[in-house]
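Visitor: Structure file protein_17.txt (compact mmCIF, C-alpha atoms) is given on the next line.
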# COMPACT_ATOMS: atom_id res chain seq x y z
CA LEU A 1 49.09 100.27 77.73
CA ILE A 2 46.36 102.84 77.09
CA PRO A 3 46.69 104.56 80.52
CA LEU A 4 50.45 104.82 79.98
CA LEU A 5 49.95 106.34 76.52
CA VAL A 6 47.42 108.84 77.92
CA ALA A 7 49.91 109.89 80.63
CA VAL A 8 52.67 110.29 78.04
CA ALA A 9 50.29 112.27 75.79
CA VAL A 10 49.47 114.69 78.63
CA VAL A 11 53.13 115.20 79.54
CA ASN A 12 54.00 115.52 75.84
CA ARG A 13 51.41 118.28 75.36
CA TRP A 14 52.97 120.20 78.24
CA LEU A 15 56.72 119.60 77.70
CA ASN A 16 56.99 118.69 74.04
CA PRO A 17 54.42 120.55 71.91
CA GLY A 18 53.68 118.97 68.59
CA PRO A 19 52.48 115.59 67.40
CA LEU A 20 52.61 112.73 69.89
CA PHE A 21 53.27 110.04 67.31
CA TYR A 22 55.92 109.71 64.65
CA SER A 23 55.76 107.36 61.69
CA GLN A 24 58.54 106.37 59.35
CA PRO A 25 59.03 103.90 56.49
CA ARG A 26 61.09 100.82 57.33
CA VAL A 27 62.18 97.75 55.41
CA GLY A 28 60.75 94.47 56.63
CA GLN A 29 60.69 90.81 55.67
CA GLY A 30 61.35 90.19 52.01
CA GLY A 31 62.46 93.79 51.53
CA HIS A 32 58.89 95.07 51.73
CA GLU A 33 58.41 98.54 53.17
CA PHE A 34 56.01 99.25 56.00
CA THR A 35 55.28 102.17 58.30
CA ILE A 36 56.64 101.93 61.83
CA TYR A 37 55.04 103.90 64.66
CA LYS A 38 56.80 105.53 67.59
CA LEU A 39 56.24 108.24 70.15
CA ARG A 40 58.00 111.36 68.88
CA THR A 41 61.29 112.03 70.68
CA MET A 42 62.76 114.77 68.48
CA ALA A 43 61.72 118.30 67.65
CA PRO A 44 59.08 118.26 64.89
CA GLY A 45 60.00 119.13 61.32
CA ILE A 46 63.65 118.01 61.37
CA GLY A 47 63.77 116.88 57.72
CA LEU A 48 65.68 113.90 56.31
CA SER A 49 66.87 111.54 58.99
CA GLN A 50 70.49 110.97 59.83
CA TRP A 51 72.25 108.65 62.26
CA THR A 52 71.20 109.51 65.81
CA ALA A 53 74.24 110.45 67.87
CA GLN A 54 74.82 110.21 71.61
CA SER A 55 73.43 113.44 73.16
CA ASP A 56 71.79 114.34 69.83
CA PRO A 57 70.59 117.97 70.06
CA ARG A 58 67.43 117.10 68.10
CA ILE A 59 66.16 114.95 70.99
CA THR A 60 63.78 116.82 73.28
CA PRO A 61 64.04 116.55 77.09
CA LEU A 62 60.90 114.37 77.21
CA GLY A 63 62.22 112.43 74.21
CA SER A 64 65.37 111.64 76.15
CA ILE A 65 63.28 110.08 78.93
CA LEU A 66 61.14 108.17 76.43
CA ARG A 67 64.24 106.79 74.71
CA ARG A 68 66.04 105.89 77.94
CA THR A 69 62.97 103.96 79.12
CA HIS A 70 62.17 102.69 75.60
CA LEU A 71 58.61 103.98 76.00
CA ASP A 72 58.95 105.58 72.57
CA GLU A 73 58.64 102.06 71.13
CA LEU A 74 55.18 101.35 72.68
CA PRO A 75 53.17 102.16 69.53
CA GLN A 76 55.03 99.37 67.73
CA VAL A 77 52.61 96.99 69.41
CA LEU A 78 50.36 98.06 66.51
CA ASN A 79 53.06 96.94 64.08
CA ILE A 80 53.19 93.56 65.82
CA LEU A 81 49.41 93.20 65.63
CA ARG A 82 49.49 94.13 61.92
CA GLY A 83 52.17 91.52 61.27
CA ASP A 84 54.88 94.00 60.27
CA LEU A 85 57.04 93.14 63.30
CA ALA A 86 57.71 90.08 65.40
CA LEU A 87 58.53 90.44 69.07
CA VAL A 88 62.14 89.36 68.41
CA GLY A 89 64.19 89.72 65.24
CA PRO A 90 66.59 92.11 63.52
CA ARG A 91 65.40 95.72 63.94
CA PRO A 92 64.06 97.19 60.69
CA GLU A 93 66.00 100.04 59.09
CA GLN A 94 64.91 103.01 57.03
CA PRO A 95 64.95 102.40 53.26
CA HIS A 96 67.74 104.89 52.52
CA TYR A 97 69.98 103.23 55.14
CA VAL A 98 69.17 99.80 53.71
CA ASN A 99 70.18 100.97 50.21
CA GLU A 100 73.38 102.46 51.59
CA LEU A 101 74.31 99.46 53.75
CA ARG A 102 73.50 96.76 51.19
CA ASP A 103 76.00 98.41 48.84
CA LYS A 104 78.70 98.40 51.54
CA PHE A 105 78.16 95.10 53.34
CA ALA A 106 77.96 91.73 51.62
CA PHE A 107 74.88 89.70 52.51
CA TYR A 108 73.17 92.66 54.22
CA ASP A 109 69.83 91.58 52.75
CA VAL A 110 70.01 88.22 54.54
CA ARG A 111 68.56 90.00 57.57
CA HIS A 112 65.37 90.53 55.53
CA LEU A 113 64.70 86.79 55.32
CA VAL A 114 62.84 86.96 58.64
CA ARG A 115 60.28 89.33 60.06
CA PRO A 116 61.99 92.23 61.85
CA GLY A 117 61.52 92.52 65.58
CA LEU A 118 60.57 94.98 68.27
CA THR A 119 63.79 93.90 69.95
CA GLY A 120 66.73 91.83 68.83
CA TRP A 121 70.12 90.37 69.68
CA ALA A 122 71.92 93.42 68.26
CA GLN A 123 69.86 95.76 70.45
CA VAL A 124 70.56 93.92 73.69
CA LYS A 125 74.24 93.47 72.84
CA GLN A 126 75.04 96.91 71.41
CA GLY A 127 72.15 99.38 71.41
CA TYR A 128 71.81 102.19 68.89
CA ALA A 129 73.96 102.44 65.77
CA ALA A 130 75.46 105.90 65.44
CA ASP A 131 77.36 105.31 62.17
CA GLU A 132 78.23 102.72 59.52
CA SER A 133 80.83 101.07 61.74
CA ASP A 134 78.18 100.48 64.42
CA ALA A 135 75.77 99.26 61.72
CA PHE A 136 78.37 96.70 60.59
CA GLU A 137 78.80 95.45 64.15
CA LYS A 138 75.04 95.19 64.59
CA LEU A 139 74.86 93.24 61.33
CA GLN A 140 77.21 90.66 62.84
CA PHE A 141 74.84 90.30 65.81
CA ASP A 142 71.90 89.94 63.38
CA PHE A 143 73.76 87.16 61.56
CA TYR A 144 74.43 85.47 64.91
CA TYR A 145 70.70 85.61 65.68
CA LEU A 146 69.72 84.31 62.25
CA ARG A 147 72.07 81.32 62.58
CA ARG A 148 70.90 80.44 66.09
CA GLN A 149 67.19 81.30 66.16
CA SER A 150 65.45 79.41 68.94
CA LEU A 151 62.82 79.85 71.59
CA SER A 152 65.52 79.90 74.27
CA LEU A 153 67.49 82.65 72.48
CA ASP A 154 64.28 84.66 72.02
CA ALA A 155 63.51 84.27 75.73
CA ARG A 156 67.03 85.44 76.58
CA ILE A 157 66.64 88.49 74.33
CA ILE A 158 63.25 89.34 75.84
CA TRP A 159 64.69 88.98 79.37
CA ARG A 160 67.64 91.26 78.52
CA THR A 161 65.26 93.76 76.90
CA VAL A 162 63.03 93.88 79.98
CA ARG A 163 66.10 94.26 82.20
CA GLY A 164 67.34 97.12 79.99
CA VAL A 165 63.96 98.86 80.07
CA VAL A 166 63.75 98.61 83.87
CA ALA A 167 67.33 99.86 84.21
CA GLY A 168 66.75 102.69 81.72
CA ASP A 169 69.64 101.63 79.47
CA GLY A 170 68.28 103.32 76.33
CA ARG A 171 69.62 106.36 74.57
Let me see the structure of the file written as structure tokens.
Guide:
Amino acid sequence: LIPLLVAVAVVNRWLNPGPLFYSQPRVGQGGHEFTIYKLRTMAPGIGLSQWTAQSDPRITPLGSILRRTHLDELPQVLNILRGDLALVGPRPEQPHYVNELRDKFAFYDVRHLVRPGLTGWAQVKQGYAADESDAFEKLQFDFYYLRRQSLSLDARIIWRTVRGVVAGDGR
């Protein structure tokens, strides 16, 4: 992955001045916070995060490519090696979203019983959540995954993730 990261860093320096990496707190297994790493896809210095919308004006042209190809997620390999993330599981959310969503949706914290994943059933079935309604739908997919965890379901999710990356189905 290092040659790919070097290529992205060079293109980033040219098309997307500013830091290459972006870090953000997320809520993981047991409700413990950790820092997730990504390649930066938005203009630097945008302040408090909000739901990312389709065609979000904060996303840079290079960021759009990184998101569509999911290359912005590459640094999360470090999170997997540190034990913060599994390969498959519910995607971790930012603490302020978790606080908001646990107040609105019963049993929201059940998704924190397992280690969050780099990819998950909700991601391959729905993609990004742009609002609370989408978050509720994704929660239903997370519950489905939690009830049916298996090696075969994980393999199916990984296959669908790879297919989505190759097809450029990201946002």
Visitor: Which neighbours of region 19-26 of chain A fall inside 9 Å, counting only C-alpha atoms, when residues of the same chain fewer than 3 positions from it are skipped, and could you give them as a PyMOL selection string?
Guide: chain A and resi 8-9+12-13+16+32-41+44+72+75+92-95+98
Visitor: Dump C-alpha atoms for the selected residues as a PDB file, in the frame of the given file?
Guide:
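And here is the file that came out, selection.pdb:
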ATOM      1  CA  VAL A   8      52.670 110.290  78.040  1.00  0.00           C
ATOM      2  CA  ALA A   9      50.290 112.270  75.790  1.00  0.00           C
ATOM      3  CA  ASN A  12      54.000 115.520  75.840  1.00  0.00           C
ATOM      4  CA  ARG A  13      51.410 118.280  75.360  1.00  0.00           C
ATOM      5  CA  ASN A  16      56.990 118.690  74.040  1.00  0.00           C
ATOM      6  CA  HIS A  32      58.890  95.070  51.730  1.00  0.00           C
ATOM      7  CA  GLU A  33      58.410  98.540  53.170  1.00  0.00           C
ATOM      8  CA  PHE A  34      56.010  99.250  56.000  1.00  0.00           C
ATOM      9  CA  THR A  35      55.280 102.170  58.300  1.00  0.00           C
ATOM     10  CA  ILE A  36      56.640 101.930  61.830  1.00  0.00           C
ATOM     11  CA  TYR A  37      55.040 103.900  64.660  1.00  0.00           C
ATOM     12  CA  LYS A  38      56.800 105.530  67.590  1.00  0.00           C
ATOM     13  CA  LEU A  39      56.240 108.240  70.150  1.00  0.00           C
ATOM     14  CA  ARG A  40      58.000 111.360  68.880  1.00  0.00           C
ATOM     15  CA  THR A  41      61.290 112.030  70.680  1.00  0.00           C
ATOM     16  CA  PRO A  44      59.080 118.260  64.890  1.00  0.00           C
ATOM     17  CA  ASP A  72      58.950 105.580  72.570  1.00  0.00           C
ATOM     18  CA  PRO A  75      53.170 102.160  69.530  1.00  0.00           C
ATOM     19  CA  PRO A  92      64.060  97.190  60.690  1.00  0.00           C
ATOM     20  CA  GLU A  93      66.000 100.040  59.090  1.00  0.00           C
ATOM     21  CA  GLN A  94      64.910 103.010  57.030  1.00  0.00           C
ATOM     22  CA  PRO A  95      64.950 102.400  53.260  1.00  0.00           C
ATOM     23  CA  VAL A  98      69.170  99.800  53.710  1.00  0.00           C
TER      24      VAL A  98
END
Visitor: For CA of Arg91 (chain A) and CA of Gly120 (chain A), quote the distance in Å rounded to one decimal.
Guide: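 For CA of Arg91 (chain A) relative to CA of Gly120 (chain A), the distance reads 6.4 Å.
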Visitor: Kindly give the distance, in Å, that separates CA of Val88 (chain A) and CA of Ala155 (chain A), rounded to a single decimal.
Guide: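 For CA of Val88 (chain A) relative to CA of Ala155 (chain A), the distance reads 9.0 Å.
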Visitor: With distances taken over only C-alpha atoms, which of A:Gly63, A:Pro17, A:Gly31, A:Pro3 is nearest to Arg111 (chain A)?
Guide: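 Nearest to Arg111 (chain A): A:Gly31.
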Visitor: So, counting all atoms listed in the file, which residue among A:Met42, A:Leu62, A:Leu153, A:Leu85 is closest to Val27 (chain A)?
Guide: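 Between A:Met42, A:Leu62, A:Leu153, A:Leu85, the residue approaching Val27 (chain A) most closely is A:Leu85.
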Visitor: Set the distance at 7 Å and use only C-alpha atoms: which residues neighbour His112 (chain A) once local chain neighbours fewer than 6 positions away are removed? I'd like the list as a list in words.
Guide: Gly28, Gln29, Gly30 and Gly31 of chain A
Visitor: Please, can region 113-124 of chain A be completed to all heavy atoms and returned as a PDB file, keeping the file's coordinate frame?
Guide:
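Printed below is result_20.pdb as written:
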ATOM      1  N   LEU A 113      65.330  88.092  55.514  1.00  0.00           N
ATOM      2  CA  LEU A 113      64.700  86.790  55.320  1.00  0.00           C
ATOM      3  C   LEU A 113      63.661  86.488  56.398  1.00  0.00           C
ATOM      4  O   LEU A 113      62.792  85.635  56.217  1.00  0.00           O
ATOM      5  CB  LEU A 113      65.751  85.672  55.297  1.00  0.00           C
ATOM      6  CG  LEU A 113      66.701  85.692  54.104  1.00  0.00           C
ATOM      7  CD1 LEU A 113      67.779  84.614  54.258  1.00  0.00           C
ATOM      8  CD2 LEU A 113      65.927  85.498  52.800  1.00  0.00           C
ATOM      9  N   VAL A 114      63.772  87.167  57.530  1.00  0.00           N
ATOM     10  CA  VAL A 114      62.840  86.960  58.640  1.00  0.00           C
ATOM     11  C   VAL A 114      62.104  88.267  58.936  1.00  0.00           C
ATOM     12  O   VAL A 114      62.537  89.346  58.538  1.00  0.00           O
ATOM     13  CB  VAL A 114      63.561  86.476  59.917  1.00  0.00           C
ATOM     14  CG1 VAL A 114      64.240  85.135  59.678  1.00  0.00           C
ATOM     15  CG2 VAL A 114      64.554  87.500  60.413  1.00  0.00           C
ATOM     16  N   ARG A 115      61.015  88.141  59.650  1.00  0.00           N
ATOM     17  CA  ARG A 115      60.280  89.330  60.060  1.00  0.00           C
ATOM     18  C   ARG A 115      61.121  90.113  61.057  1.00  0.00           C
ATOM     19  O   ARG A 115      61.711  89.541  61.968  1.00  0.00           O
ATOM     20  CB  ARG A 115      58.963  88.918  60.723  1.00  0.00           C
ATOM     21  CG  ARG A 115      58.032  90.103  60.932  1.00  0.00           C
ATOM     22  CD  ARG A 115      56.702  89.697  61.500  1.00  0.00           C
ATOM     23  NE  ARG A 115      56.155  88.579  60.765  1.00  0.00           N
ATOM     24  CZ  ARG A 115      55.140  87.839  61.180  1.00  0.00           C
ATOM     25  NH1 ARG A 115      54.551  88.101  62.318  1.00  0.00           N
ATOM     26  NH2 ARG A 115      54.717  86.829  60.467  1.00  0.00           N
ATOM     27  N   PRO A 116      61.223  91.432  60.881  1.00  0.00           N
ATOM     28  CA  PRO A 116      61.990  92.230  61.850  1.00  0.00           C
ATOM     29  C   PRO A 116      61.298  92.211  63.204  1.00  0.00           C
ATOM     30  O   PRO A 116      60.125  91.878  63.308  1.00  0.00           O
ATOM     31  CB  PRO A 116      61.992  93.630  61.227  1.00  0.00           C
ATOM     32  CG  PRO A 116      60.814  93.667  60.320  1.00  0.00           C
ATOM     33  CD  PRO A 116      60.593  92.254  59.856  1.00  0.00           C
ATOM     34  N   GLY A 117      62.056  92.605  64.238  1.00  0.00           N
ATOM     35  CA  GLY A 117      61.520  92.520  65.580  1.00  0.00           C
ATOM     36  C   GLY A 117      61.464  93.838  66.328  1.00  0.00           C
ATOM     37  O   GLY A 117      62.150  94.799  65.982  1.00  0.00           O
ATOM     38  N   LEU A 118      60.639  93.850  67.352  1.00  0.00           N
ATOM     39  CA  LEU A 118      60.570  94.980  68.270  1.00  0.00           C
ATOM     40  C   LEU A 118      61.887  95.087  69.036  1.00  0.00           C
ATOM     41  O   LEU A 118      62.352  96.175  69.345  1.00  0.00           O
ATOM     42  CB  LEU A 118      59.401  94.763  69.246  1.00  0.00           C
ATOM     43  CG  LEU A 118      59.208  95.780  70.348  1.00  0.00           C
ATOM     44  CD1 LEU A 118      58.861  97.144  69.748  1.00  0.00           C
ATOM     45  CD2 LEU A 118      58.116  95.338  71.299  1.00  0.00           C
ATOM     46  N   THR A 119      62.481  93.944  69.322  1.00  0.00           N
ATOM     47  CA  THR A 119      63.790  93.900  69.950  1.00  0.00           C
ATOM     48  C   THR A 119      64.597  92.804  69.272  1.00  0.00           C
ATOM     49  O   THR A 119      64.031  91.983  68.553  1.00  0.00           O
ATOM     50  CB  THR A 119      63.694  93.625  71.472  1.00  0.00           C
ATOM     51  OG1 THR A 119      64.996  93.766  72.055  1.00  0.00           O
ATOM     52  CG2 THR A 119      63.137  92.253  71.780  1.00  0.00           C
ATOM     53  N   GLY A 120      65.896  92.825  69.481  1.00  0.00           N
ATOM     54  CA  GLY A 120      66.730  91.830  68.830  1.00  0.00           C
ATOM     55  C   GLY A 120      68.064  91.661  69.536  1.00  0.00           C
ATOM     56  O   GLY A 120      68.401  92.399  70.465  1.00  0.00           O
ATOM     57  N   TRP A 121      68.827  90.669  69.084  1.00  0.00           N
ATOM     58  CA  TRP A 121      70.120  90.370  69.680  1.00  0.00           C
ATOM     59  C   TRP A 121      71.055  91.571  69.569  1.00  0.00           C
ATOM     60  O   TRP A 121      71.769  91.900  70.512  1.00  0.00           O
ATOM     61  CB  TRP A 121      70.708  89.135  69.008  1.00  0.00           C
ATOM     62  CG  TRP A 121      71.938  88.595  69.651  1.00  0.00           C
ATOM     63  CD1 TRP A 121      73.156  88.467  69.062  1.00  0.00           C
ATOM     64  CD2 TRP A 121      72.090  88.099  70.982  1.00  0.00           C
ATOM     65  NE1 TRP A 121      74.054  87.920  69.946  1.00  0.00           N
ATOM     66  CE2 TRP A 121      73.421  87.681  71.140  1.00  0.00           C
ATOM     67  CE3 TRP A 121      71.226  87.971  72.063  1.00  0.00           C
ATOM     68  CZ2 TRP A 121      73.915  87.145  72.324  1.00  0.00           C
ATOM     69  CZ3 TRP A 121      71.718  87.432  73.241  1.00  0.00           C
ATOM     70  CH2 TRP A 121      73.036  87.032  73.367  1.00  0.00           C
ATOM     71  N   ALA A 122      71.049  92.250  68.435  1.00  0.00           N
ATOM     72  CA  ALA A 122      71.920  93.420  68.260  1.00  0.00           C
ATOM     73  C   ALA A 122      71.561  94.533  69.243  1.00  0.00           C
ATOM     74  O   ALA A 122      72.430  95.237  69.748  1.00  0.00           O
ATOM     75  CB  ALA A 122      71.828  93.939  66.821  1.00  0.00           C
ATOM     76  N   GLN A 123      70.276  94.692  69.542  1.00  0.00           N
ATOM     77  CA  GLN A 123      69.860  95.760  70.450  1.00  0.00           C
ATOM     78  C   GLN A 123      70.296  95.472  71.884  1.00  0.00           C
ATOM     79  O   GLN A 123      70.709  96.377  72.593  1.00  0.00           O
ATOM     80  CB  GLN A 123      68.338  95.956  70.393  1.00  0.00           C
ATOM     81  CG  GLN A 123      67.875  96.673  69.157  1.00  0.00           C
ATOM     82  CD  GLN A 123      68.168  95.892  67.890  1.00  0.00           C
ATOM     83  OE1 GLN A 123      67.900  94.712  67.793  1.00  0.00           O
ATOM     84  NE2 GLN A 123      68.751  96.572  66.920  1.00  0.00           N
ATOM     85  N   VAL A 124      70.183  94.219  72.300  1.00  0.00           N
ATOM     86  CA  VAL A 124      70.560  93.920  73.690  1.00  0.00           C
ATOM     87  C   VAL A 124      72.074  93.809  73.854  1.00  0.00           C
ATOM     88  O   VAL A 124      72.584  93.947  74.960  1.00  0.00           O
ATOM     89  CB  VAL A 124      69.857  92.656  74.239  1.00  0.00           C
ATOM     90  CG1 VAL A 124      68.350  92.836  74.238  1.00  0.00           C
ATOM     91  CG2 VAL A 124      70.251  91.399  73.492  1.00  0.00           C
TER      92      VAL A 124
END
